[in-house]
Amino acid sequence: MVNVEGVGTWNAVDSRRNMRTTVAALVGAVLLTGGLAACSGEAPPSAPKAPEIKPVAETAVDAPAASGDQPKGITYDVKRIPVGAKLSTGASVSDGRTTVELKVSGLLPDTKYGSHVHTKPCGAKPADSGPHYQHEKDPVTPSVDPKYANAQNEIWLDFTTDAQGAATGTATVGWEFRKGEANAVIVHAAHTSTEHGKAGTAGDRLACLTAQF
């Protein structure tokens, strides 16, 4: 009787030991497999980096000069863009795509403005900066046809200022500037229209920043 009970007791204990060993082995295998998968698996793709914006022009605006050379930044409407308001622009080019950024401060708070890249440097008169830069040029001037006057064919930098009168406008297009043909950023009185016959218009030219892209 003693031997039989001893054998029975040993078998039960051995069975429990074997079960614990099996469970431990399974857990270890799962952990090892997971670790190997984590090591051998490809890392999730990282988000593409935003293009690095390189400074092009920055200044505080002033009234037009009576004669001679004009300021780099000019305000044509001191009520809506006061003297001393700051404009700065920059750009980046990567894989045939261009990103342009405009930063403003010192403007009217909580106000909508339009903005575009223009072809000529700032002058004493608002019209001196010429028309919008267009990748595909409209044969008709002024260009108000949505086929040409649109945010993919031009650089539109519309923005709305915050409570402190600051804002940033950014545009990215699938082309690069032709050298020497983009020379200013104009700030307009309203956001840009997309309506046929008015496409690309944004009200009065309030200020200009000479910027050679």
# chains A, B, ... in the order shown; residues from 1 in each chain; ligands from 1

$ residues_around --residues "Asp138 of chain A" --least-positions-apart "2" --cutoff "12 Å" --atoms "only C-alpha atoms" --output "list of chain:residue names"
A:Pro131, A:His132, A:Tyr133, A:Gln134, A:His135, A:Glu136, A:Val140, A:Thr141, A:Pro142, A:Ser143, A:Val144, A:Asp145, A:Pro146, A:Lys147, A:Tyr148, A:Ala149, A:Asn150, A:Asn153, A:Glu154, A:Gly200

$ residues_around --residues "Asp162 of chain A" --least-positions-apart "4" --cutoff "10 Å" --atoms "only C-alpha atoms" --output "count of residues only"
10

$ select_by_dssp --residues "segment 30-191 of chain A" --states "strand (DSSP E or B)" --output "JSON, numbers by chain"
{"A": [54, 55, 56, 57, 58, 59, 60, 62, 73, 74, 75, 86, 87, 88, 89, 90, 91, 92, 93, 94, 97, 98, 99, 100, 101, 102, 103, 104, 105, 112, 113, 114, 115, 116, 117, 118, 132, 156, 159, 160, 167, 168, 169, 170, 171, 172, 173, 184, 185, 186, 187, 188]}

$ closest_residue --among "A:Val117, A:Leu102, A:Ala171, A:Ile186" --to "Phe213 of chain A" --atoms "only C-alpha atoms"
A:Val117

$ residues_around --residues "Ile81 of chain A" --least-positions-apart "5" --cutoff "12 Å" --atoms "only C-alpha atoms" --output "ChimeraX atom specification"
/A:60-63,73-76,86-87,104-109,111,113,161,165-166,186-189,204-208

$ residues_around --residues "Val93 of chain A" --least-positions-apart "2" --cutoff "9 Å" --atoms "only C-alpha atoms" --output "PDB file with all heavy atoms, in the first residue's frame"
ATOM      1  N   PRO A  51       9.055  70.472 -45.802  1.00  0.00           N
ATOM      2  CA  PRO A  51      10.195  71.100 -46.482  1.00  0.00           C
ATOM      3  C   PRO A  51      10.782  72.230 -45.652  1.00  0.00           C
ATOM      4  O   PRO A  51      10.066  72.958 -44.967  1.00  0.00           O
ATOM      5  CB  PRO A  51       9.568  71.623 -47.782  1.00  0.00           C
ATOM      6  CG  PRO A  51       8.110  71.753 -47.492  1.00  0.00           C
ATOM      7  CD  PRO A  51       7.806  70.652 -46.535  1.00  0.00           C
ATOM      8  N   GLU A  52      12.090  72.371 -45.714  1.00  0.00           N
ATOM      9  CA  GLU A  52      12.758  73.444 -44.977  1.00  0.00           C
ATOM     10  C   GLU A  52      12.585  74.755 -45.735  1.00  0.00           C
ATOM     11  O   GLU A  52      12.990  74.879 -46.888  1.00  0.00           O
ATOM     12  CB  GLU A  52      14.239  73.129 -44.831  1.00  0.00           C
ATOM     13  CG  GLU A  52      15.010  74.190 -44.064  1.00  0.00           C
ATOM     14  CD  GLU A  52      16.497  73.897 -43.995  1.00  0.00           C
ATOM     15  OE1 GLU A  52      16.905  72.825 -44.465  1.00  0.00           O
ATOM     16  OE2 GLU A  52      17.243  74.751 -43.470  1.00  0.00           O
ATOM     17  N   ILE A  53      11.945  75.704 -45.089  1.00  0.00           N
ATOM     18  CA  ILE A  53      11.707  77.000 -45.712  1.00  0.00           C
ATOM     19  C   ILE A  53      12.944  77.874 -45.564  1.00  0.00           C
ATOM     20  O   ILE A  53      13.399  78.141 -44.456  1.00  0.00           O
ATOM     21  CB  ILE A  53      10.488  77.701 -45.074  1.00  0.00           C
ATOM     22  CG1 ILE A  53       9.231  76.824 -45.206  1.00  0.00           C
ATOM     23  CG2 ILE A  53      10.262  79.057 -45.725  1.00  0.00           C
ATOM     24  CD1 ILE A  53       8.788  76.578 -46.624  1.00  0.00           C
ATOM     25  N   ALA A  91      10.899  80.242 -49.051  1.00  0.00           N
ATOM     26  CA  ALA A  91      10.469  79.217 -49.997  1.00  0.00           C
ATOM     27  C   ALA A  91      11.375  77.997 -49.909  1.00  0.00           C
ATOM     28  O   ALA A  91      12.496  78.066 -49.390  1.00  0.00           O
ATOM     29  CB  ALA A  91      10.481  79.771 -51.414  1.00  0.00           C
ATOM     30  N   ASP A  95      12.035  68.106 -55.327  1.00  0.00           N
ATOM     31  CA  ASP A  95      11.437  67.181 -56.297  1.00  0.00           C
ATOM     32  C   ASP A  95      10.462  67.881 -57.240  1.00  0.00           C
ATOM     33  O   ASP A  95       9.382  67.361 -57.536  1.00  0.00           O
ATOM     34  CB  ASP A  95      10.717  66.035 -55.560  1.00  0.00           C
ATOM     35  CG  ASP A  95      11.675  65.200 -54.719  1.00  0.00           C
ATOM     36  OD1 ASP A  95      12.827  65.025 -55.145  1.00  0.00           O
ATOM     37  OD2 ASP A  95      11.268  64.735 -53.637  1.00  0.00           O
ATOM     38  N   GLY A  96      10.857  69.067 -57.694  1.00  0.00           N
ATOM     39  CA  GLY A  96      10.022  69.784 -58.648  1.00  0.00           C
ATOM     40  C   GLY A  96       8.829  70.483 -58.050  1.00  0.00           C
ATOM     41  O   GLY A  96       8.011  71.058 -58.778  1.00  0.00           O
ATOM     42  N   ARG A  97       8.686  70.466 -56.737  1.00  0.00           N
ATOM     43  CA  ARG A  97       7.586  71.142 -56.058  1.00  0.00           C
ATOM     44  C   ARG A  97       8.123  72.349 -55.299  1.00  0.00           C
ATOM     45  O   ARG A  97       9.244  72.322 -54.794  1.00  0.00           O
ATOM     46  CB  ARG A  97       6.874  70.191 -55.085  1.00  0.00           C
ATOM     47  CG  ARG A  97       6.205  69.021 -55.770  1.00  0.00           C
ATOM     48  CD  ARG A  97       5.685  67.998 -54.776  1.00  0.00           C
ATOM     49  NE  ARG A  97       4.637  68.565 -53.923  1.00  0.00           N
ATOM     50  CZ  ARG A  97       3.366  68.663 -54.300  1.00  0.00           C
ATOM     51  NH1 ARG A  97       2.988  68.278 -55.505  1.00  0.00           N
ATOM     52  NH2 ARG A  97       2.465  69.157 -53.477  1.00  0.00           N
ATOM     53  N   THR A  98       7.312  73.391 -55.214  1.00  0.00           N
ATOM     54  CA  THR A  98       7.712  74.627 -54.547  1.00  0.00           C
ATOM     55  C   THR A  98       6.731  74.952 -53.428  1.00  0.00           C
ATOM     56  O   THR A  98       5.515  74.895 -53.628  1.00  0.00           O
ATOM     57  CB  THR A  98       7.751  75.799 -55.542  1.00  0.00           C
ATOM     58  OG1 THR A  98       8.694  75.507 -56.579  1.00  0.00           O
ATOM     59  CG2 THR A  98       8.159  77.095 -54.848  1.00  0.00           C
ATOM     60  N   THR A  99       7.262  75.276 -52.274  1.00  0.00           N
ATOM     61  CA  THR A  99       6.453  75.737 -51.148  1.00  0.00           C
ATOM     62  C   THR A  99       6.862  77.161 -50.819  1.00  0.00           C
ATOM     63  O   THR A  99       8.053  77.452 -50.698  1.00  0.00           O
ATOM     64  CB  THR A  99       6.646  74.844 -49.912  1.00  0.00           C
ATOM     65  OG1 THR A  99       6.175  73.531 -50.206  1.00  0.00           O
ATOM     66  CG2 THR A  99       5.869  75.393 -48.717  1.00  0.00           C
ATOM     67  N   VAL A 100       5.891  78.034 -50.693  1.00  0.00           N
ATOM     68  CA  VAL A 100       6.140  79.434 -50.337  1.00  0.00           C
ATOM     69  C   VAL A 100       5.386  79.736 -49.044  1.00  0.00           C
ATOM     70  O   VAL A 100       4.239  79.316 -48.870  1.00  0.00           O
ATOM     71  CB  VAL A 100       5.688  80.399 -51.450  1.00  0.00           C
ATOM     72  CG1 VAL A 100       5.923  81.847 -51.028  1.00  0.00           C
ATOM     73  CG2 VAL A 100       6.425  80.100 -52.747  1.00  0.00           C
ATOM     74  N   TRP A 175       5.399  72.760 -59.281  1.00  0.00           N
ATOM     75  CA  TRP A 175       6.321  73.317 -60.270  1.00  0.00           C
ATOM     76  C   TRP A 175       7.310  74.252 -59.582  1.00  0.00           C
ATOM     77  O   TRP A 175       7.178  74.527 -58.394  1.00  0.00           O
ATOM     78  CB  TRP A 175       5.562  74.075 -61.377  1.00  0.00           C
ATOM     79  CG  TRP A 175       4.405  74.924 -60.921  1.00  0.00           C
ATOM     80  CD1 TRP A 175       3.087  74.572 -60.922  1.00  0.00           C
ATOM     81  CD2 TRP A 175       4.454  76.272 -60.391  1.00  0.00           C
ATOM     82  NE1 TRP A 175       2.310  75.604 -60.434  1.00  0.00           N
ATOM     83  CE2 TRP A 175       3.108  76.655 -60.113  1.00  0.00           C
ATOM     84  CE3 TRP A 175       5.472  77.183 -60.152  1.00  0.00           C
ATOM     85  CZ2 TRP A 175       2.780  77.908 -59.593  1.00  0.00           C
ATOM     86  CZ3 TRP A 175       5.154  78.432 -59.623  1.00  0.00           C
ATOM     87  CH2 TRP A 175       3.819  78.784 -59.355  1.00  0.00           C
ATOM     88  N   GLU A 176       8.287  74.732 -60.354  1.00  0.00           N
ATOM     89  CA  GLU A 176       9.291  75.661 -59.831  1.00  0.00           C
ATOM     90  C   GLU A 176       9.193  77.005 -60.550  1.00  0.00           C
ATOM     91  O   GLU A 176       8.765  77.072 -61.702  1.00  0.00           O
ATOM     92  CB  GLU A 176      10.694  75.086 -60.032  1.00  0.00           C
ATOM     93  CG  GLU A 176      10.935  73.775 -59.289  1.00  0.00           C
ATOM     94  CD  GLU A 176      12.336  73.229 -59.523  1.00  0.00           C
ATOM     95  OE1 GLU A 176      13.239  74.040 -59.844  1.00  0.00           O
ATOM     96  OE2 GLU A 176      12.523  72.011 -59.376  1.00  0.00           O
TER      97      GLU A 176
END

$ atom_distance --atom1 "atom CA of Thr89 of chain A" --atom2 "atom CA of Gln212 of chain A"
10.1 Å

$ select_by_dssp --residues "segment 58-154 of chain A" --states "helix (DSSP H, G or I)" --output "list in words"
Pro126, Ala127, Asp128 and Ser129 of chain A

$ closest_residue --among "A:Asp77, A:Glu181, A:Asp158, A:Glu101" --to "Ala202 of chain A" --atoms "only C-alpha atoms"
A:Asp158

$ residues_around --residues "Ala124 of chain A" --least-positions-apart "2" --cutoff "10 Å" --atoms "only C-alpha atoms" --output "JSON list (two decimals) with C-alpha atoms, in the first residue's frame"
[["chain", "number", "residue", "atom", "x", "y", "z"],
["A", 63, "ALA", "CA", 5.22, 104.38, -46.90],
["A", 64, "PRO", "CA", 6.37, 104.68, -50.54],
["A", 65, "ALA", "CA", 9.36, 106.95, -51.11],
["A", 66, "ALA", "CA", 8.62, 110.23, -52.86],
["A", 67, "SER", "CA", 11.43, 109.52, -55.31],
["A", 68, "GLY", "CA", 14.43, 107.29, -55.85],
["A", 69, "ASP", "CA", 14.73, 103.77, -54.53],
["A", 70, "GLN", "CA", 11.65, 102.32, -52.87],
["A", 71, "PRO", "CA", 11.58, 100.54, -49.50],
["A", 74, "ILE", "CA", 5.72, 99.18, -48.72],
["A", 75, "THR", "CA", 2.27, 99.86, -47.31],
["A", 76, "TYR", "CA", -0.22, 101.55, -49.60],
["A", 122, "CYS", "CA", 7.45, 96.75, -55.37],
["A", 126, "PRO", "CA", 0.39, 99.41, -56.10],
["A", 127, "ALA", "CA", 0.21, 98.34, -59.75],
["A", 128, "ASP", "CA", 4.00, 98.54, -60.18],
["A", 129, "SER", "CA", 4.45, 94.94, -58.99],
["A", 208, "CYS", "CA", 4.11, 94.84, -51.09]]

$ closest_residue --among "A:Thr170, A:Gln152, A:Gln164, A:Thr119" --to "Lys103 of chain A" --atoms "only C-alpha atoms"
A:Thr170
